[in-house]
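Participant: If it helps, the file is called upload_33.pdb and holds PDB, C-alpha atoms:
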ATOM      1  CA  MET A   1     115.356  69.746 115.569  1.00  0.00           C
ATOM      2  CA  THR A   2     112.242  71.567 114.577  1.00  0.00           C
ATOM      3  CA  THR A   3     112.519  75.344 114.783  1.00  0.00           C
ATOM      4  CA  ALA A   4     109.779  77.977 114.989  1.00  0.00           C
ATOM      5  CA  ALA A   5     111.029  79.306 111.614  1.00  0.00           C
ATOM      6  CA  GLN A   6     110.418  75.911 109.955  1.00  0.00           C
ATOM      7  CA  VAL A   7     106.980  75.560 111.533  1.00  0.00           C
ATOM      8  CA  PHE A   8     105.852  79.065 110.518  1.00  0.00           C
ATOM      9  CA  GLN A   9     107.222  78.677 106.989  1.00  0.00           C
ATOM     10  CA  ALA A  10     105.422  75.333 106.666  1.00  0.00           C
ATOM     11  CA  LEU A  11     102.126  76.784 107.932  1.00  0.00           C
ATOM     12  CA  GLY A  12     102.369  80.014 105.928  1.00  0.00           C
ATOM     13  CA  ASP A  13     100.924  78.016 103.009  1.00  0.00           C
ATOM     14  CA  ALA A  14      97.115  77.545 102.773  1.00  0.00           C
ATOM     15  CA  THR A  15      97.333  74.026 101.230  1.00  0.00           C
ATOM     16  CA  ARG A  16      99.610  72.795 104.010  1.00  0.00           C
ATOM     17  CA  ARG A  17      97.313  74.264 106.686  1.00  0.00           C
ATOM     18  CA  ASP A  18      94.389  72.541 104.968  1.00  0.00           C
ATOM     19  CA  MET A  19      96.304  69.236 105.047  1.00  0.00           C
ATOM     20  CA  MET A  20      96.901  69.677 108.793  1.00  0.00           C
ATOM     21  CA  GLU A  21      93.207  70.406 109.342  1.00  0.00           C
ATOM     22  CA  ARG A  22      92.190  67.297 107.401  1.00  0.00           C
ATOM     23  CA  LEU A  23      94.617  65.163 109.446  1.00  0.00           C
ATOM     24  CA  THR A  24      93.074  66.312 112.747  1.00  0.00           C
ATOM     25  CA  ASP A  25      91.794  63.151 114.481  1.00  0.00           C
ATOM     26  CA  THR A  26      92.534  60.863 111.560  1.00  0.00           C
ATOM     27  CA  ALA A  27      95.509  59.395 109.737  1.00  0.00           C
ATOM     28  CA  LEU A  28      95.162  59.444 105.937  1.00  0.00           C
ATOM     29  CA  SER A  29      97.018  57.712 103.132  1.00  0.00           C
ATOM     30  CA  VAL A  30      98.958  60.036 100.823  1.00  0.00           C
ATOM     31  CA  SER A  31      96.481  59.331  98.004  1.00  0.00           C
ATOM     32  CA  ALA A  32      93.418  60.062 100.191  1.00  0.00           C
ATOM     33  CA  LEU A  33      95.113  63.250 101.405  1.00  0.00           C
ATOM     34  CA  ALA A  34      95.955  64.265  97.827  1.00  0.00           C
ATOM     35  CA  ALA A  35      92.479  63.566  96.344  1.00  0.00           C
ATOM     36  CA  PRO A  36      90.784  66.998  96.841  1.00  0.00           C
ATOM     37  CA  TYR A  37      93.703  69.012  95.444  1.00  0.00           C
ATOM     38  CA  ASP A  38      94.232  69.747  91.764  1.00  0.00           C
ATOM     39  CA  MET A  39      97.880  68.829  92.127  1.00  0.00           C
ATOM     40  CA  THR A  40     100.307  66.108  91.011  1.00  0.00           C
ATOM     41  CA  LEU A  41     101.302  63.467  93.565  1.00  0.00           C
ATOM     42  CA  THR A  42     104.828  64.894  93.289  1.00  0.00           C
ATOM     43  CA  ALA A  43     103.599  68.340  94.383  1.00  0.00           C
ATOM     44  CA  VAL A  44     101.625  66.776  97.250  1.00  0.00           C
ATOM     45  CA  GLY A  45     104.762  64.854  98.239  1.00  0.00           C
ATOM     46  CA  GLN A  46     106.743  68.108  98.397  1.00  0.00           C
ATOM     47  CA  HIS A  47     104.153  69.698 100.697  1.00  0.00           C
ATOM     48  CA  LEU A  48     104.243  66.606 102.924  1.00  0.00           C
ATOM     49  CA  ALA A  49     108.053  66.666 103.024  1.00  0.00           C
ATOM     50  CA  ILE A  50     107.958  70.289 104.260  1.00  0.00           C
ATOM     51  CA  LEU A  51     105.372  69.438 106.949  1.00  0.00           C
ATOM     52  CA  GLU A  52     107.386  66.379 108.009  1.00  0.00           C
ATOM     53  CA  ALA A  53     110.693  68.297 108.164  1.00  0.00           C
ATOM     54  CA  ALA A  54     108.979  70.902 110.381  1.00  0.00           C
ATOM     55  CA  GLY A  55     107.876  68.143 112.792  1.00  0.00           C
ATOM     56  CA  LEU A  56     104.196  68.748 112.031  1.00  0.00           C
ATOM     57  CA  ILE A  57     103.367  65.324 110.553  1.00  0.00           C
ATOM     58  CA  LYS A  58     104.780  61.818 110.613  1.00  0.00           C
ATOM     59  CA  THR A  59     104.560  59.458 107.670  1.00  0.00           C
ATOM     60  CA  GLU A  60     104.824  55.694 107.853  1.00  0.00           C
ATOM     61  CA  LYS A  61     104.848  53.069 105.113  1.00  0.00           C
ATOM     62  CA  ILE A  62     102.511  50.169 105.896  1.00  0.00           C
ATOM     63  CA  GLY A  63     102.727  47.555 103.154  1.00  0.00           C
ATOM     64  CA  ARG A  64     102.348  49.498  99.906  1.00  0.00           C
ATOM     65  CA  VAL A  65     100.505  52.464 101.456  1.00  0.00           C
ATOM     66  CA  ARG A  66     102.156  55.545 102.985  1.00  0.00           C
ATOM     67  CA  SER A  67     100.087  56.886 105.869  1.00  0.00           C
ATOM     68  CA  CYS A  68     100.263  60.463 107.281  1.00  0.00           C
ATOM     69  CA  ALA A  69      99.340  61.647 110.775  1.00  0.00           C
ATOM     70  CA  ILE A  70      99.810  64.773 112.921  1.00  0.00           C
ATOM     71  CA  ASN A  71     103.084  64.932 114.886  1.00  0.00           C
ATOM     72  CA  PRO A  72     102.453  66.904 118.109  1.00  0.00           C
ATOM     73  CA  ALA A  73     106.136  68.007 118.276  1.00  0.00           C
ATOM     74  CA  GLY A  74     105.688  70.815 115.726  1.00  0.00           C
ATOM     75  CA  LEU A  75     102.456  71.971 117.376  1.00  0.00           C
ATOM     76  CA  GLU A  76     104.300  72.171 120.687  1.00  0.00           C
ATOM     77  CA  VAL A  77     106.954  74.463 119.120  1.00  0.00           C
ATOM     78  CA  LEU A  78     104.128  76.700 117.889  1.00  0.00           C
ATOM     79  CA  GLU A  79     102.379  76.837 121.270  1.00  0.00           C
ATOM     80  CA  GLN A  80     105.637  77.556 123.110  1.00  0.00           C
ATOM     81  CA  TRP A  81     106.501  80.386 120.723  1.00  0.00           C
ATOM     82  CA  ALA A  82     103.038  81.939 121.211  1.00  0.00           C
ATOM     83  CA  ARG A  83     103.120  81.495 125.016  1.00  0.00           C
ATOM     84  CA  ALA A  84     106.586  83.062 125.278  1.00  0.00           C
ATOM     85  CA  ARG A  85     105.307  86.201 123.491  1.00  0.00           C
ATOM     86  CA  ARG A  86     102.418  86.734 125.931  1.00  0.00           C
ATOM     87  CA  PRO A  87     102.649  89.586 128.460  1.00  0.00           C
ATOM     88  CA  LEU A  88     104.873  88.899 131.470  1.00  0.00           C
ATOM     89  CA  TRP A  89     101.979  89.004 133.975  1.00  0.00           C
ATOM     90  CA  GLN A  90     100.133  86.316 131.983  1.00  0.00           C
ATOM     91  CA  ARG A  91     103.253  84.136 131.893  1.00  0.00           C
ATOM     92  CA  ARG A  92     103.691  84.613 135.664  1.00  0.00           C
ATOM     93  CA  LEU A  93     100.081  83.567 136.203  1.00  0.00           C
ATOM     94  CA  ASP A  94     100.716  80.443 134.075  1.00  0.00           C
ATOM     95  CA  ARG A  95     103.780  79.549 136.144  1.00  0.00           C
ATOM     96  CA  LEU A  96     101.870  80.098 139.382  1.00  0.00           C
ATOM     97  CA  GLY A  97      99.148  77.758 138.063  1.00  0.00           C
ATOM     98  CA  ASP A  98     101.792  75.137 137.220  1.00  0.00           C
ATOM     99  CA  MET A  99     103.305  75.432 140.707  1.00  0.00           C
ATOM    100  CA  LEU A 100      99.895  75.010 142.371  1.00  0.00           C
ATOM    101  CA  ASP A 101      99.227  71.965 140.156  1.00  0.00           C
ATOM    102  CA  GLU A 102     102.539  70.472 141.308  1.00  0.00           C
ATOM    103  CA  ASP A 103     101.637  71.167 144.941  1.00  0.00           C
ATOM    104  CA  ASP A 104      98.361  69.309 144.445  1.00  0.00           C
ATOM    105  CA  ALA A 105     100.172  66.287 143.026  1.00  0.00           C
TER     106      ALA A 105
ATOM    107  CA  MET B   1      88.243  89.374 113.049  1.00  0.00           C
ATOM    108  CA  THR B   2      91.676  87.837 113.039  1.00  0.00           C
ATOM    109  CA  THR B   3      91.865  84.495 111.249  1.00  0.00           C
ATOM    110  CA  ALA B   4      94.462  81.744 111.526  1.00  0.00           C
ATOM    111  CA  ALA B   5      95.294  82.370 107.846  1.00  0.00           C
ATOM    112  CA  GLN B   6      96.184  86.018 108.577  1.00  0.00           C
ATOM    113  CA  VAL B   7      98.255  85.087 111.615  1.00  0.00           C
ATOM    114  CA  PHE B   8     100.230  82.382 109.781  1.00  0.00           C
ATOM    115  CA  GLN B   9     100.787  84.582 106.738  1.00  0.00           C
ATOM    116  CA  ALA B  10     102.012  87.391 109.001  1.00  0.00           C
ATOM    117  CA  LEU B  11     104.397  85.066 110.884  1.00  0.00           C
ATOM    118  CA  GLY B  12     105.640  83.248 107.777  1.00  0.00           C
ATOM    119  CA  ASP B  13     108.074  86.158 107.366  1.00  0.00           C
ATOM    120  CA  ALA B  14     111.354  86.163 109.339  1.00  0.00           C
ATOM    121  CA  THR B  15     111.474  89.977 109.796  1.00  0.00           C
ATOM    122  CA  ARG B  16     107.962  90.051 111.239  1.00  0.00           C
ATOM    123  CA  ARG B  17     108.780  87.165 113.622  1.00  0.00           C
ATOM    124  CA  ASP B  18     111.893  89.065 114.682  1.00  0.00           C
ATOM    125  CA  MET B  19     109.764  92.174 115.349  1.00  0.00           C
ATOM    126  CA  MET B  20     107.425  90.089 117.536  1.00  0.00           C
ATOM    127  CA  GLU B  21     110.397  88.673 119.441  1.00  0.00           C
ATOM    128  CA  ARG B  22     111.801  92.153 120.044  1.00  0.00           C
ATOM    129  CA  LEU B  23     108.408  93.353 121.314  1.00  0.00           C
ATOM    130  CA  THR B  24     108.225  90.566 123.915  1.00  0.00           C
ATOM    131  CA  ASP B  25     107.969  92.308 127.309  1.00  0.00           C
ATOM    132  CA  THR B  26     108.534  95.778 125.942  1.00  0.00           C
ATOM    133  CA  ALA B  27     106.710  98.338 123.828  1.00  0.00           C
ATOM    134  CA  LEU B  28     108.923 100.068 121.258  1.00  0.00           C
ATOM    135  CA  SER B  29     108.508 103.165 119.129  1.00  0.00           C
ATOM    136  CA  VAL B  30     108.357 102.540 115.379  1.00  0.00           C
ATOM    137  CA  SER B  31     111.777 104.143 114.941  1.00  0.00           C
ATOM    138  CA  ALA B  32     113.390 102.021 117.708  1.00  0.00           C
ATOM    139  CA  LEU B  33     111.787  98.919 116.196  1.00  0.00           C
ATOM    140  CA  ALA B  34     113.019  99.865 112.718  1.00  0.00           C
ATOM    141  CA  ALA B  35     116.611 100.669 113.747  1.00  0.00           C
ATOM    142  CA  PRO B  36     118.284  97.226 113.299  1.00  0.00           C
ATOM    143  CA  TYR B  37     116.793  96.573 109.867  1.00  0.00           C
ATOM    144  CA  ASP B  38     118.300  97.756 106.612  1.00  0.00           C
ATOM    145  CA  MET B  39     114.890  98.909 105.459  1.00  0.00           C
ATOM    146  CA  THR B  40     113.003 102.138 104.751  1.00  0.00           C
ATOM    147  CA  LEU B  41     110.493 103.347 107.350  1.00  0.00           C
ATOM    148  CA  THR B  42     107.827 102.747 104.688  1.00  0.00           C
ATOM    149  CA  ALA B  43     108.793  99.063 104.430  1.00  0.00           C
ATOM    150  CA  VAL B  44     108.817  98.763 108.240  1.00  0.00           C
ATOM    151  CA  GLY B  45     105.376 100.425 108.283  1.00  0.00           C
ATOM    152  CA  GLN B  46     104.071  97.795 105.843  1.00  0.00           C
ATOM    153  CA  HIS B  47     105.338  94.945 108.046  1.00  0.00           C
ATOM    154  CA  LEU B  48     103.698  96.581 111.082  1.00  0.00           C
ATOM    155  CA  ALA B  49     100.408  97.037 109.198  1.00  0.00           C
ATOM    156  CA  ILE B  50     100.364  93.282 108.402  1.00  0.00           C
ATOM    157  CA  LEU B  51     101.099  92.372 112.049  1.00  0.00           C
ATOM    158  CA  GLU B  52      98.423  94.799 113.261  1.00  0.00           C
ATOM    159  CA  ALA B  53      95.786  93.528 110.776  1.00  0.00           C
ATOM    160  CA  ALA B  54      96.503  89.966 111.996  1.00  0.00           C
ATOM    161  CA  GLY B  55      95.839  91.061 115.599  1.00  0.00           C
ATOM    162  CA  LEU B  56      99.451  90.374 116.617  1.00  0.00           C
ATOM    163  CA  ILE B  57     100.426  93.933 117.610  1.00  0.00           C
ATOM    164  CA  LYS B  58      98.710  97.138 118.626  1.00  0.00           C
ATOM    165  CA  THR B  59     100.060 100.565 117.750  1.00  0.00           C
ATOM    166  CA  GLU B  60      99.201 103.767 119.541  1.00  0.00           C
ATOM    167  CA  LYS B  61     100.203 107.350 118.837  1.00  0.00           C
ATOM    168  CA  ILE B  62     101.416 109.145 121.966  1.00  0.00           C
ATOM    169  CA  GLY B  63     102.212 112.770 121.153  1.00  0.00           C
ATOM    170  CA  ARG B  64     104.448 112.581 118.068  1.00  0.00           C
ATOM    171  CA  VAL B  65     105.660 109.014 118.679  1.00  0.00           C
ATOM    172  CA  ARG B  66     103.901 105.859 117.467  1.00  0.00           C
ATOM    173  CA  SER B  67     104.410 103.020 119.937  1.00  0.00           C
ATOM    174  CA  CYS B  68     104.043  99.263 119.149  1.00  0.00           C
ATOM    175  CA  ALA B  69     103.231  96.442 121.567  1.00  0.00           C
ATOM    176  CA  ILE B  70     102.172  92.775 121.386  1.00  0.00           C
ATOM    177  CA  ASN B  71      98.415  92.169 121.067  1.00  0.00           C
ATOM    178  CA  PRO B  72      97.600  88.824 122.749  1.00  0.00           C
ATOM    179  CA  ALA B  73      94.527  88.318 120.483  1.00  0.00           C
ATOM    180  CA  GLY B  74      96.582  87.032 117.544  1.00  0.00           C
ATOM    181  CA  LEU B  75      98.666  84.778 119.810  1.00  0.00           C
ATOM    182  CA  GLU B  76      95.439  83.293 121.150  1.00  0.00           C
ATOM    183  CA  VAL B  77      94.292  82.422 117.594  1.00  0.00           C
ATOM    184  CA  LEU B  78      97.637  80.660 117.076  1.00  0.00           C
ATOM    185  CA  GLU B  79      97.427  78.684 120.331  1.00  0.00           C
ATOM    186  CA  GLN B  80      93.828  77.653 119.649  1.00  0.00           C
ATOM    187  CA  TRP B  81      94.705  76.448 116.157  1.00  0.00           C
ATOM    188  CA  ALA B  82      97.609  74.384 117.520  1.00  0.00           C
ATOM    189  CA  ARG B  83      95.573  72.972 120.408  1.00  0.00           C
ATOM    190  CA  ALA B  84      92.694  71.975 118.089  1.00  0.00           C
ATOM    191  CA  ARG B  85      95.131  69.898 115.976  1.00  0.00           C
ATOM    192  CA  ARG B  86      96.430  67.876 118.930  1.00  0.00           C
ATOM    193  CA  PRO B  87      95.355  64.230 119.298  1.00  0.00           C
ATOM    194  CA  LEU B  88      91.839  63.718 120.659  1.00  0.00           C
ATOM    195  CA  TRP B  89      93.037  62.078 123.889  1.00  0.00           C
ATOM    196  CA  GLN B  90      95.257  65.109 124.662  1.00  0.00           C
ATOM    197  CA  ARG B  91      92.337  67.484 124.034  1.00  0.00           C
ATOM    198  CA  ARG B  92      90.109  65.366 126.312  1.00  0.00           C
ATOM    199  CA  LEU B  93      92.776  65.537 129.030  1.00  0.00           C
ATOM    200  CA  ASP B  94      92.887  69.355 128.633  1.00  0.00           C
ATOM    201  CA  ARG B  95      89.114  69.578 128.985  1.00  0.00           C
ATOM    202  CA  LEU B  96      89.188  67.329 132.064  1.00  0.00           C
ATOM    203  CA  GLY B  97      91.826  69.628 133.594  1.00  0.00           C
ATOM    204  CA  ASP B  98      89.645  72.677 132.851  1.00  0.00           C
ATOM    205  CA  MET B  99      86.625  70.993 134.479  1.00  0.00           C
ATOM    206  CA  LEU B 100      88.634  70.127 137.596  1.00  0.00           C
ATOM    207  CA  ASP B 101      89.909  73.735 137.761  1.00  0.00           C
ATOM    208  CA  GLU B 102      86.303  74.962 137.611  1.00  0.00           C
ATOM    209  CA  ASP B 103      85.312  72.544 140.390  1.00  0.00           C
ATOM    210  CA  ASP B 104      88.094  73.969 142.569  1.00  0.00           C
ATOM    211  CA  ALA B 105      86.810  77.504 142.054  1.00  0.00           C
TER     212      ALA B 105
END
Could you take the file, read its structure, and then write that structure out as structure tokens?

Facilitator:
Amino acid sequence: MTTAAQVFQALGDATRRDMMERLTDTALSVSALAAPYDMTLTAVGQHLAILEAAGLIKTEKIGRVRSCAINPAGLEVLEQWARARRPLWQRRLDRLGDMLDEDDA
Amino acid sequence: MTTAAQVFQALGDATRRDMMERLTDTALSVSALAAPYDMTLTAVGQHLAILEAAGLIKTEKIGRVRSCAINPAGLEVLEQWARARRPLWQRRLDRLGDMLDEDDA
């Protein structure tokens, strides 16, 4: 289970946020993802492990290449945390909108 | 201007996330907010300054009491960052929903 604490700790680091931004709309191999950073592959692997444990990316081995892509689960934890902190009247408005959407359906 | 970097750095800390959670749906004075932590008022003030600079809280002095409340601006930066990282097809679906909402109005 991904927790908000894991997600925020993972994204508190500028390199890991940059990795997430570079993975937007595209999967990348670990070596392509690592290329711009002045960092060992081991260090890159540690960053990826933290992002993966937080539910922010998925990695998959295809043949001899490990590919990385965004995992929406961690993003969802982030959005829910932010939404739950919004003022009560805004949250009520959101729920009303959801109810009207359901009525339409 | 609040940036995603400021917001994530502010929320990478467990005490500051706890402060945000305690401010959900209620404004608190600095001393009420500080009470549960084993921390000097100066240290609490530093945490609050970081949250305020990131656009996550607002503080206001009323008479002799400084009151703290959630500022939705920082939450909005967080939600936008998360939404922008979601897969393209999900973002397209969001935009379609927004367009249909506008048509209704």

Participant: Running the ChimeraX specification (/B :<7) & /A on this model by hand, what would come out? Give it as a list of chain:residue names.

Facilitator: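 Applied to this file, the ChimeraX specification (/B :<7) & /A selects A:Phe8, A:Gln9, A:Leu11, A:Gly12, A:Glu21, A:Thr24, A:Asp25, A:Pro72, A:Leu75, A:Leu78, A:Glu79, A:Ala82, A:Arg85, A:Arg86, A:Pro87, A:Leu88.
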
Participant: May I ask which of the residues B:Thr2, B:Thr15, B:Leu28, B:Asp94 is the closest one to Thr59 (chain B), counting all atoms listed in the file?

Facilitator: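 Counting all atoms listed in the file, the residue closest to Thr59 (chain B) is B:Leu28.
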
Participant: Between A:Arg92, A:Ser29, A:Ala34, A:Asp103, which one has atoms that come closest to Lys58 (chain A), using all atoms listed in the file?

Facilitator: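 Answer, going by the shortest atom-to-atom distance: A:Ser29.
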
Participant: Can you tell me, as a list in words, which residues sit within 9 Å of (99.5, 61.0, 96.8) in the file's frame, using all atoms listed in the file?

Facilitator: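 Counting all atoms listed in the file, I find these residues within 9 Å of (99.5, 61.0, 96.8): Ser29, Val30, Ser31, Ala32, Leu33, Ala34, Ala35, Thr40, Leu41, Thr42, Ala43, Val44, Gly45 and Arg66 of chain A.
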
Participant: Quick one, how far is CA of Ser67 (chain B) from CA of Thr3 (chain B)?

Facilitator: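 We find that CA of Ser67 (chain B) and CA of Thr3 (chain B) lie 24.0 Å from each other.
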
Participant: For CA of Asp38 (chain A) and CA of Asp18 (chain A), quote the distance in Å rounded to one decimal.

Facilitator: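 Taking CA of Asp38 (chain A) as the start and CA of Asp18 (chain A) as the end point, the length is 13.5 Å.
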